[in-house]
$ cat structure17.pdb   # PDB, C-alpha atoms, pLDDT in the B column
ATOM      1  CA  MET N1219       5.717 -12.904  38.654  1.00 95.00           C
ATOM      2  CA  VAL N1220       6.712 -11.008  35.517  1.00 98.00           C
ATOM      3  CA  GLN N1221       6.457 -12.745  32.140  1.00 98.00           C
ATOM      4  CA  VAL N1222       9.334 -12.017  29.740  1.00 98.00           C
ATOM      5  CA  GLU N1223       8.828 -12.780  26.030  1.00 98.00           C
ATOM      6  CA  PHE N1224      11.374 -12.814  23.215  1.00 98.00           C
ATOM      7  CA  LEU N1225       9.865 -11.762  19.894  1.00 98.00           C
ATOM      8  CA  GLY N1226      10.645 -12.467  16.250  1.00 97.00           C
ATOM      9  CA  PRO N1227      13.928 -14.258  15.603  1.00 98.00           C
ATOM     10  CA  ILE N1228      15.119 -14.525  19.222  1.00 97.00           C
ATOM     11  CA  GLN N1229      15.101 -18.256  19.881  1.00 93.00           C
ATOM     12  CA  LYS N1230      14.364 -18.231  23.572  1.00 96.00           C
ATOM     13  CA  GLU N1231      11.405 -19.566  25.520  1.00 97.00           C
ATOM     14  CA  PRO N1232       9.433 -17.082  27.672  1.00 98.00           C
ATOM     15  CA  LEU N1233      10.590 -16.646  31.263  1.00 98.00           C
ATOM     16  CA  LYS N1234       8.610 -16.108  34.446  1.00 98.00           C
ATOM     17  CA  LEU N1235      10.719 -14.076  36.847  1.00 97.00           C
ATOM     18  CA  ASP N1236      10.299 -12.657  40.320  1.00 97.00           C
ATOM     19  CA  ILE N1237      11.677  -9.181  39.532  1.00 97.00           C
ATOM     20  CA  THR N1238      10.579  -5.636  40.336  1.00 97.00           C
ATOM     21  CA  ASN N1239      12.424  -3.564  37.742  1.00 96.00           C
ATOM     22  CA  LEU N1240      14.339  -3.659  34.442  1.00 97.00           C
ATOM     23  CA  ASN N1241      17.750  -3.459  36.132  1.00 96.00           C
ATOM     24  CA  GLU N1242      17.094  -6.863  37.687  1.00 97.00           C
ATOM     25  CA  LEU N1243      15.987  -8.218  34.303  1.00 97.00           C
ATOM     26  CA  ALA N1244      19.117  -6.820  32.625  1.00 97.00           C
ATOM     27  CA  LYS N1245      21.357  -8.562  35.194  1.00 97.00           C
ATOM     28  CA  ILE N1246      19.637 -11.914  34.624  1.00 97.00           C
ATOM     29  CA  LEU N1247      19.722 -11.705  30.825  1.00 97.00           C
ATOM     30  CA  GLN N1248      23.343 -10.495  30.759  1.00 97.00           C
ATOM     31  CA  GLN N1249      24.344 -13.843  32.282  1.00 97.00           C
ATOM     32  CA  ASP N1250      22.997 -15.633  29.187  1.00 96.00           C
ATOM     33  CA  GLU N1251      25.721 -15.614  26.520  1.00 95.00           C
ATOM     34  CA  SER N1252      23.194 -16.350  23.754  1.00 95.00           C
ATOM     35  CA  MET N1253      21.429 -13.057  24.584  1.00 97.00           C
ATOM     36  CA  ARG N1254      24.506 -10.816  24.286  1.00 94.00           C
ATOM     37  CA  GLU N1255      23.835  -9.561  20.749  1.00 95.00           C
ATOM     38  CA  TRP N1256      20.072  -9.334  21.290  1.00 98.00           C
ATOM     39  CA  LEU N1257      20.525  -7.127  24.361  1.00 98.00           C
ATOM     40  CA  GLU N1258      22.602  -4.721  22.234  1.00 97.00           C
ATOM     41  CA  ASN N1259      20.013  -4.335  19.491  1.00 97.00           C
ATOM     42  CA  SER N1260      16.606  -5.028  21.047  1.00 98.00           C
ATOM     43  CA  ALA N1261      13.973  -2.594  22.240  1.00 98.00           C
ATOM     44  CA  VAL N1262      11.887  -3.257  25.345  1.00 98.00           C
ATOM     45  CA  ALA N1263       8.127  -3.067  25.793  1.00 98.00           C
ATOM     46  CA  ILE N1264       6.175  -3.347  29.038  1.00 98.00           C
ATOM     47  CA  ASN N1265       2.580  -4.461  28.605  1.00 97.00           C
ATOM     48  CA  ASP N1266       2.906  -3.709  24.862  1.00 96.00           C
ATOM     49  CA  THR N1267       4.186  -0.144  25.306  1.00 95.00           C
ATOM     50  CA  LEU N1268       7.775   0.609  24.290  1.00 96.00           C
ATOM     51  CA  VAL N1269       9.886   2.093  27.081  1.00 96.00           C
ATOM     52  CA  SER N1270      12.991   4.264  26.839  1.00 95.00           C
ATOM     53  CA  SER N1271      14.232   4.090  30.425  1.00 95.00           C
ATOM     54  CA  ARG N1272      15.085   1.301  32.853  1.00 95.00           C
ATOM     55  CA  ASP N1273      13.565   3.411  35.612  1.00 90.00           C
ATOM     56  CA  VAL N1274      10.213   1.609  35.567  1.00 91.00           C
ATOM     57  CA  GLU N1275       8.688  -0.431  38.371  1.00 94.00           C
ATOM     58  CA  LEU N1276       7.429  -3.897  37.434  1.00 97.00           C
ATOM     59  CA  LYS N1277       4.359  -5.361  39.114  1.00 97.00           C
ATOM     60  CA  ASP N1278       3.055  -8.879  39.457  1.00 97.00           C
ATOM     61  CA  GLY N1279       1.429  -9.879  36.151  1.00 98.00           C
ATOM     62  CA  ASP N1280       3.357  -7.381  33.998  1.00 98.00           C
ATOM     63  CA  ARG N1281       4.579  -8.576  30.589  1.00 98.00           C
ATOM     64  CA  VAL N1282       7.972  -7.515  29.252  1.00 98.00           C
ATOM     65  CA  ALA N1283       8.871  -8.105  25.595  1.00 98.00           C
ATOM     66  CA  LEU N1284      12.204  -7.805  23.792  1.00 98.00           C
ATOM     67  CA  LEU N1285      11.894  -6.613  20.179  1.00 98.00           C
ATOM     68  CA  PRO N1286      14.929  -7.200  17.951  1.00 98.00           C
ATOM     69  CA  PRO N1287      15.629  -5.105  14.788  1.00 98.00           C
ATOM     70  CA  VAL N1288      12.626  -4.895  12.457  1.00 98.00           C
ATOM     71  CA  CYS N1289      12.141  -4.969   8.707  1.00 97.00           C
ATOM     72  CA  GLY N1290       8.583  -5.024   7.456  1.00 96.00           C
ATOM     73  CA  GLY N1291       7.544  -4.566   3.866  1.00 94.00           C
TER      74      GLY N1291
ATOM     75  CA  MET G1294      -7.538   0.447   8.734  1.00 95.00           C
ATOM     76  CA  LEU G1295      -4.920  -2.247   9.157  1.00 98.00           C
ATOM     77  CA  TYR G1296      -5.329  -5.574   7.357  1.00 98.00           C
ATOM     78  CA  LEU G1297      -3.138  -8.643   7.961  1.00 98.00           C
ATOM     79  CA  TYR G1298      -3.205 -11.664   5.654  1.00 98.00           C
ATOM     80  CA  ASP G1299      -1.655 -15.123   5.746  1.00 98.00           C
ATOM     81  CA  GLY G1300       0.611 -15.367   2.677  1.00 98.00           C
ATOM     82  CA  PRO G1301       0.858 -13.000  -0.312  1.00 98.00           C
ATOM     83  CA  LEU G1302      -1.452 -10.042  -0.871  1.00 98.00           C
ATOM     84  CA  ASP G1303      -3.979  -9.878  -3.689  1.00 98.00           C
ATOM     85  CA  VAL G1304      -2.848  -6.391  -4.644  1.00 98.00           C
ATOM     86  CA  ALA G1305      -5.384  -5.639  -7.384  1.00 98.00           C
ATOM     87  CA  THR G1306      -8.312  -6.643  -5.172  1.00 98.00           C
ATOM     88  CA  ILE G1307      -7.085  -4.759  -2.099  1.00 98.00           C
ATOM     89  CA  LEU G1308      -6.376  -1.527  -3.992  1.00 98.00           C
ATOM     90  CA  LYS G1309      -9.798  -1.766  -5.655  1.00 98.00           C
ATOM     91  CA  GLU G1310     -11.541  -2.419  -2.325  1.00 98.00           C
ATOM     92  CA  TRP G1311      -9.825   0.552  -0.708  1.00 98.00           C
ATOM     93  CA  TYR G1312     -10.711   2.769  -3.694  1.00 98.00           C
ATOM     94  CA  GLU G1313     -14.351   1.726  -3.384  1.00 98.00           C
ATOM     95  CA  GLN G1314     -14.394   2.185   0.425  1.00 98.00           C
ATOM     96  CA  GLU G1315     -13.433   5.857   0.060  1.00 98.00           C
ATOM     97  CA  LEU G1316     -15.355   6.726  -3.117  1.00 96.00           C
ATOM     98  CA  THR G1317     -17.711   9.019  -1.229  1.00 97.00           C
ATOM     99  CA  SER G1318     -15.193  10.381   1.310  1.00 96.00           C
ATOM    100  CA  ASN G1319     -14.590  13.466  -0.831  1.00 96.00           C
ATOM    101  CA  CYS G1320     -10.858  12.713  -1.021  1.00 97.00           C
ATOM    102  CA  GLY G1321      -9.225  14.130  -4.121  1.00 97.00           C
ATOM    103  CA  ALA G1322      -6.055  12.067  -3.707  1.00 98.00           C
ATOM    104  CA  TYR G1323      -5.335   8.327  -3.306  1.00 98.00           C
ATOM    105  CA  SER G1324      -1.636   7.571  -3.097  1.00 98.00           C
ATOM    106  CA  SER G1325      -0.388   3.999  -2.683  1.00 98.00           C
ATOM    107  CA  PHE G1326       2.853   2.101  -2.164  1.00 98.00           C
ATOM    108  CA  VAL G1327       3.188  -1.604  -2.952  1.00 98.00           C
ATOM    109  CA  GLY G1328       6.127  -3.716  -1.767  1.00 98.00           C
ATOM    110  CA  THR G1329       6.913  -6.751  -3.933  1.00 98.00           C
ATOM    111  CA  VAL G1330       9.485  -9.481  -3.277  1.00 98.00           C
ATOM    112  CA  ARG G1331      12.257  -9.322  -5.840  1.00 97.00           C
ATOM    113  CA  SER G1332      14.920 -11.805  -6.802  1.00 97.00           C
ATOM    114  CA  GLU G1333      18.284 -11.095  -5.163  1.00 94.00           C
ATOM    115  CA  ASP G1334      21.021 -13.197  -3.582  1.00 93.00           C
ATOM    116  CA  ASN G1335      19.299 -16.400  -4.709  1.00 95.00           C
ATOM    117  CA  ILE G1336      16.471 -16.160  -2.190  1.00 97.00           C
ATOM    118  CA  GLU G1337      13.313 -18.164  -2.861  1.00 97.00           C
ATOM    119  CA  GLY G1338      11.101 -15.649  -1.099  1.00 98.00           C
ATOM    120  CA  LEU G1339      10.608 -13.860   2.193  1.00 98.00           C
ATOM    121  CA  SER G1340       8.791 -14.738   5.382  1.00 98.00           C
ATOM    122  CA  PHE G1341       7.365 -12.458   8.074  1.00 98.00           C
ATOM    123  CA  ASP G1342       6.562 -12.555  11.793  1.00 98.00           C
ATOM    124  CA  ILE G1343       4.304  -9.826  13.178  1.00 98.00           C
ATOM    125  CA  TYR G1344       3.705  -8.758  16.762  1.00 98.00           C
ATOM    126  CA  GLU G1345       0.181  -7.443  16.494  1.00 97.00           C
ATOM    127  CA  PRO G1346      -0.408  -5.592  19.810  1.00 97.00           C
ATOM    128  CA  ILE G1347       2.402  -3.095  19.203  1.00 97.00           C
ATOM    129  CA  LEU G1348       1.741  -2.945  15.457  1.00 98.00           C
ATOM    130  CA  ASN G1349      -1.845  -1.955  16.242  1.00 97.00           C
ATOM    131  CA  SER G1350      -0.863   0.830  18.635  1.00 96.00           C
ATOM    132  CA  TRP G1351       1.795   2.109  16.206  1.00 97.00           C
ATOM    133  CA  PHE G1352      -0.791   2.166  13.412  1.00 98.00           C
ATOM    134  CA  ASP G1353      -3.441   3.854  15.615  1.00 97.00           C
ATOM    135  CA  ALA G1354      -0.991   6.682  16.332  1.00 97.00           C
ATOM    136  CA  TRP G1355      -0.485   7.191  12.572  1.00 98.00           C
ATOM    137  CA  GLN G1356      -4.227   7.126  11.939  1.00 98.00           C
ATOM    138  CA  LYS G1357      -4.684   9.922  14.487  1.00 98.00           C
ATOM    139  CA  LYS G1358      -1.852  11.921  12.933  1.00 97.00           C
ATOM    140  CA  ALA G1359      -3.446  11.514   9.496  1.00 97.00           C
ATOM    141  CA  ALA G1360      -6.945  12.343  10.746  1.00 97.00           C
ATOM    142  CA  ALA G1361      -5.638  15.663  12.093  1.00 97.00           C
ATOM    143  CA  LYS G1362      -4.940  16.597   8.447  1.00 96.00           C
ATOM    144  CA  GLY G1363      -8.172  15.148   7.101  1.00 97.00           C
ATOM    145  CA  ALA G1364      -6.368  12.089   5.712  1.00 98.00           C
ATOM    146  CA  ILE G1365      -7.020   8.346   5.996  1.00 98.00           C
ATOM    147  CA  ILE G1366      -4.253   5.715   6.121  1.00 98.00           C
ATOM    148  CA  LYS G1367      -4.702   2.065   5.173  1.00 98.00           C
ATOM    149  CA  MET G1368      -2.154  -0.703   5.349  1.00 98.00           C
ATOM    150  CA  ALA G1369      -2.027  -4.382   4.458  1.00 98.00           C
ATOM    151  CA  HIS G1370       0.782  -6.806   5.319  1.00 98.00           C
ATOM    152  CA  SER G1371       1.490 -10.506   4.937  1.00 98.00           C
ATOM    153  CA  ARG G1372       2.207 -13.032   7.663  1.00 98.00           C
ATOM    154  CA  GLY G1373       4.298 -16.079   6.803  1.00 98.00           C
ATOM    155  CA  ASP G1374       5.788 -16.866   3.405  1.00 98.00           C
ATOM    156  CA  VAL G1375       5.681 -14.633   0.322  1.00 98.00           C
ATOM    157  CA  MET G1376       7.487 -15.928  -2.738  1.00 98.00           C
ATOM    158  CA  LEU G1377       9.369 -14.042  -5.500  1.00 98.00           C
ATOM    159  CA  HIS G1378       7.294 -11.502  -7.433  1.00 98.00           C
ATOM    160  CA  GLU G1379       4.465 -11.702  -4.933  1.00 98.00           C
ATOM    161  CA  SER G1380       3.603  -8.723  -2.727  1.00 98.00           C
ATOM    162  CA  SER G1381       3.783  -8.472   1.055  1.00 98.00           C
ATOM    163  CA  TYR G1382       2.994  -4.830   1.790  1.00 98.00           C
ATOM    164  CA  ILE G1383       0.572  -2.143   0.710  1.00 98.00           C
ATOM    165  CA  ALA G1384       0.227   1.306   2.242  1.00 98.00           C
ATOM    166  CA  ALA G1385      -2.176   3.977   1.046  1.00 98.00           C
ATOM    167  CA  VAL G1386      -3.195   7.471   1.989  1.00 98.00           C
ATOM    168  CA  PHE G1387      -6.406   9.228   1.025  1.00 98.00           C
ATOM    169  CA  SER G1388      -6.570  12.987   1.510  1.00 98.00           C
ATOM    170  CA  PRO G1389      -8.598  15.942   0.314  1.00 97.00           C
ATOM    171  CA  LYS G1390      -5.608  17.411  -1.598  1.00 96.00           C
ATOM    172  CA  ARG G1391      -2.556  15.756  -3.168  1.00 97.00           C
ATOM    173  CA  ARG G1392       0.247  17.297  -1.059  1.00 97.00           C
ATOM    174  CA  VAL G1393      -0.892  15.685   2.193  1.00 97.00           C
ATOM    175  CA  ALA G1394      -1.214  12.246   0.567  1.00 98.00           C
ATOM    176  CA  LEU G1395       2.196  12.458  -1.117  1.00 98.00           C
ATOM    177  CA  GLU G1396       3.954  13.605   2.056  1.00 97.00           C
ATOM    178  CA  PHE G1397       2.182  11.130   4.329  1.00 97.00           C
ATOM    179  CA  ILE G1398       2.886   8.099   2.151  1.00 98.00           C
ATOM    180  CA  ASP G1399       6.602   8.925   2.259  1.00 98.00           C
ATOM    181  CA  GLU G1400       6.740   9.557   6.024  1.00 98.00           C
ATOM    182  CA  PHE G1401       4.498   6.620   6.831  1.00 98.00           C
ATOM    183  CA  VAL G1402       6.429   4.047   4.791  1.00 98.00           C
ATOM    184  CA  GLU G1403       9.772   5.239   6.190  1.00 97.00           C
ATOM    185  CA  ASP G1404       8.534   5.064   9.799  1.00 97.00           C
ATOM    186  CA  PHE G1405       6.981   1.682   9.055  1.00 98.00           C
ATOM    187  CA  LYS G1406      10.396   0.348   8.002  1.00 96.00           C
ATOM    188  CA  ALA G1407      12.059   1.734  11.145  1.00 95.00           C
ATOM    189  CA  SER G1408       9.411   1.053  13.794  1.00 96.00           C
ATOM    190  CA  ALA G1409       6.713  -1.485  12.901  1.00 98.00           C
ATOM    191  CA  PRO G1410       7.241  -4.738  14.862  1.00 98.00           C
ATOM    192  CA  ILE G1411       7.610  -7.032  11.871  1.00 98.00           C
ATOM    193  CA  TRP G1412      10.542  -9.391  11.317  1.00 98.00           C
ATOM    194  CA  LYS G1413      11.751 -10.471   7.889  1.00 98.00           C
ATOM    195  CA  TYR G1414      13.421 -13.747   6.991  1.00 98.00           C
ATOM    196  CA  ASP G1415      14.964 -14.834   3.685  1.00 98.00           C
ATOM    197  CA  LEU G1416      13.738 -18.209   2.443  1.00 98.00           C
ATOM    198  CA  ARG G1417      16.721 -20.343   1.429  1.00 96.00           C
ATOM    199  CA  GLY G1418      16.505 -24.082   0.873  1.00 93.00           C
ATOM    200  CA  GLY G1419      13.107 -24.011   2.572  1.00 88.00           C
ATOM    201  CA  LYS G1420      14.609 -22.489   5.729  1.00 95.00           C
ATOM    202  CA  ARG G1421      13.971 -19.078   7.272  1.00 97.00           C
ATOM    203  CA  VAL G1422      17.109 -16.962   7.726  1.00 98.00           C
ATOM    204  CA  TYR G1423      16.612 -13.758   9.738  1.00 98.00           C
ATOM    205  CA  ALA G1424      17.513 -10.720   7.600  1.00 97.00           C
ATOM    206  CA  LEU G1425      19.463  -8.949  10.347  1.00 97.00           C
ATOM    207  CA  ASP G1426      21.649  -6.940   7.938  1.00 96.00           C
ATOM    208  CA  ARG G1427      18.566  -5.320   6.370  1.00 96.00           C
ATOM    209  CA  SER G1428      16.781  -4.723   9.660  1.00 97.00           C
ATOM    210  CA  THR G1429      16.659  -1.575  11.794  1.00 97.00           C
ATOM    211  CA  ALA G1430      16.924  -1.457  15.573  1.00 98.00           C
ATOM    212  CA  ILE G1431      13.831   0.236  17.037  1.00 97.00           C
ATOM    213  CA  LYS G1432      14.503   3.656  18.603  1.00 95.00           C
ATOM    214  CA  GLY G1433      15.641   3.155  22.199  1.00 95.00           C
ATOM    215  CA  SER G1434      17.121  -0.317  21.615  1.00 97.00           C
ATOM    216  CA  GLY G1435      19.930  -1.548  23.847  1.00 97.00           C
ATOM    217  CA  LEU G1436      18.172  -0.642  27.090  1.00 97.00           C
ATOM    218  CA  LEU G1437      19.148  -3.925  28.757  1.00 97.00           C
ATOM    219  CA  LYS G1438      22.719  -4.272  27.465  1.00 95.00           C
TER     220      LYS G1438
END
$ encode --input "structure17.pdb" --output "structure tokens"
Amino acid sequence: MVQVEFLGPIQKEPLKLDITNLNELAKILQQDESMREWLENSAVAINDTLVSSRDVELKDGDRVALLPPVCGG
Amino acid sequence: MLYLYDGPLDVATILKEWYEQELTSNCGAYSSFVGTVRSEDNIEGLSFDIYEPILNSWFDAWQKKAAAKGAIIKMAHSRGDVMLHESSYIAAVFSPKRRVALEFIDEFVEDFKASAPIWKYDLRGGKRVYALDRSTAIKGSGLLK
């Protein structure tokens, strides 16, 4: 299973999904209307490393995080 | 070094501690930036969430970049609530000569604003309101849209 976490202001509980890549995750999250805006403006990290392509294989135990727009300081 | 605190920063103490830590590092320059919460749009203060694993790796990359030029970067940030006229952020660069410190503090603070995984909320009526309009999407965002 892959754990999916929603960071910062995204009000969504973590998910445990049986998926093998980010395309499958995108399809699942696109069905959730409350995620529409967050999918537009969030970055994605796998096991705490930001990724720039969906072309990544996910393995059992991997953690995916969605990071919405930031503003420290 | 990266320092995270619950609530506002004790700026005078932190800047003094950092100064003392590097007294014998033979750095000729110590350049700092302090971010303080100011009154605007009737907010009562700001509040912050931090995702530490990615913040740590982002900061480590900057430390390596600084070390390649003989410089040292330090940063402190608040978690949770910081009220008006309190401070939530300090960045500092120590370097042998001034130019490196002055350039690094500028680049570092700008990249911090654009990339560090920290989320800001306005405090209004005791509630946290995400400051989306002042936030920046991390490079590569929209991958799952």
$ closest_atom_pairs --input "structure17.pdb" --of "chain N" --to "chain G" --cutoff "6 Å" --atoms "all atoms listed in the file" --output "tab-separated table"
residue	atom	partner	partner_atom	distance
N:Gly1226	CA	G:Trp1412	CA	5.8
N:Ala1244	CA	G:Leu1437	CA	4.8
N:Leu1257	CA	G:Lys1438	CA	4.8
N:Glu1258	CA	G:Gly1435	CA	4.5
N:Asn1259	CA	G:Gly1435	CA	5.2
N:Ser1260	CA	G:Ser1434	CA	4.8
N:Ala1261	CA	G:Ser1434	CA	3.9
N:Asp1266	CA	G:Ile1347	CA	5.7
N:Ser1270	CA	G:Gly1433	CA	5.5
N:Pro1287	CA	G:Ala1430	CA	3.9
N:Val1288	CA	G:Ser1428	CA	5.0
N:Cys1289	CA	G:Ser1428	CA	4.7
N:Gly1290	CA	G:Ile1411	CA	4.9
N:Gly1291	CA	G:Tyr1382	CA	5.0
$ residues_around --input "structure17.pdb" --residues "Trp1355 (chain G)" --least-positions-apart "3" --cutoff "10 Å" --atoms "only C-alpha atoms" --output "PyMOL selection string"
chain G and resi 1349-1352+1358-1361+1365-1367+1397+1401+1404-1405
$ resolve_selection --input "structure17.pdb" --expression "the PyMOL selection byres ((chain G and resi 1321) around 7)" --output "list in words"
Asn1319, Cys1320, Ala1322, Ser1388, Pro1389, Lys1390 and Arg1391 of chain G
$ axis_aligned_box --input "structure17.pdb" --around "region 1373-1392 of chain G" --padding-each-side "5 Å" --output "JSON"
{"center_x": 0.4, "center_y": 0.3, "center_z": -0.3, "size_x": 28.0, "size_y": 44.3, "size_z": 24.2}
$ atom_distance --input "structure17.pdb" --atom1 "CA of Asp1399 (chain G)" --atom2 "CA of Lys1362 (chain G)"
15.2 Å
$ atom_distance --input "structure17.pdb" --atom1 "CA of Tyr1323 (chain G)" --atom2 "CA of Leu1395 (chain G)"
8.9 Å
$ decode --input "structure17.pdb" --residues "region 1395-1435 of chain G" --atoms "C-alpha atoms" --output "short mmCIF file (atom, residue, chain, number, x, y, z; two decimals), in the first residue's frame"
data_model
loop_
_atom_site.label_atom_id
_atom_site.label_comp_id
_atom_site.auth_asym_id
_atom_site.auth_seq_id
_atom_site.Cartn_x
_atom_site.Cartn_y
_atom_site.Cartn_z
CA LEU G 1395 25.34 39.93 1.08
CA GLU G 1396 24.62 37.88 -2.05
CA PHE G 1397 23.76 34.69 -0.17
CA ILE G 1398 21.34 36.35 2.24
CA ASP G 1399 19.40 37.75 -0.73
CA GLU G 1400 19.34 34.48 -2.71
CA PHE G 1401 18.63 32.37 0.35
CA VAL G 1402 15.69 34.44 1.61
CA GLU G 1403 14.13 34.59 -1.86
CA ASP G 1404 14.43 30.82 -2.37
CA PHE G 1405 13.11 30.29 1.15
CA LYS G 1406 9.95 32.22 0.26
CA ALA G 1407 9.46 30.21 -2.95
CA SER G 1408 10.46 26.71 -1.85
CA ALA G 1409 10.56 26.07 1.91
CA PRO G 1410 7.61 23.84 2.95
CA ILE G 1411 6.04 26.26 5.40
CA TRP G 1412 2.40 27.37 5.30
CA LYS G 1413 1.19 30.73 6.58
CA TYR G 1414 -2.22 31.52 8.03
CA ASP G 1415 -3.67 34.88 9.06
CA LEU G 1416 -5.15 34.92 12.56
CA ARG G 1417 -8.60 36.51 12.46
CA GLY G 1418 -11.11 36.22 15.28
CA GLY G 1419 -8.94 33.46 16.75
CA LYS G 1420 -9.22 31.41 13.54
CA ARG G 1421 -6.49 30.43 11.09
CA VAL G 1422 -7.14 31.55 7.51
CA TYR G 1423 -4.70 30.15 4.92
CA ALA G 1424 -2.87 33.02 3.17
CA LEU G 1425 -3.22 31.55 -0.32
CA ASP G 1426 -2.97 34.92 -2.10
CA ARG G 1427 0.48 35.56 -0.59
CA SER G 1428 1.74 32.03 -1.13
CA THR G 1429 3.87 30.64 -3.97
CA ALA G 1430 3.34 27.31 -5.69
CA ILE G 1431 6.50 25.19 -5.41
CA LYS G 1432 8.35 24.66 -8.71
CA GLY G 1433 6.80 21.69 -10.52
CA SER G 1434 3.34 22.08 -8.94
CA GLY G 1435 0.29 20.82 -10.80
#
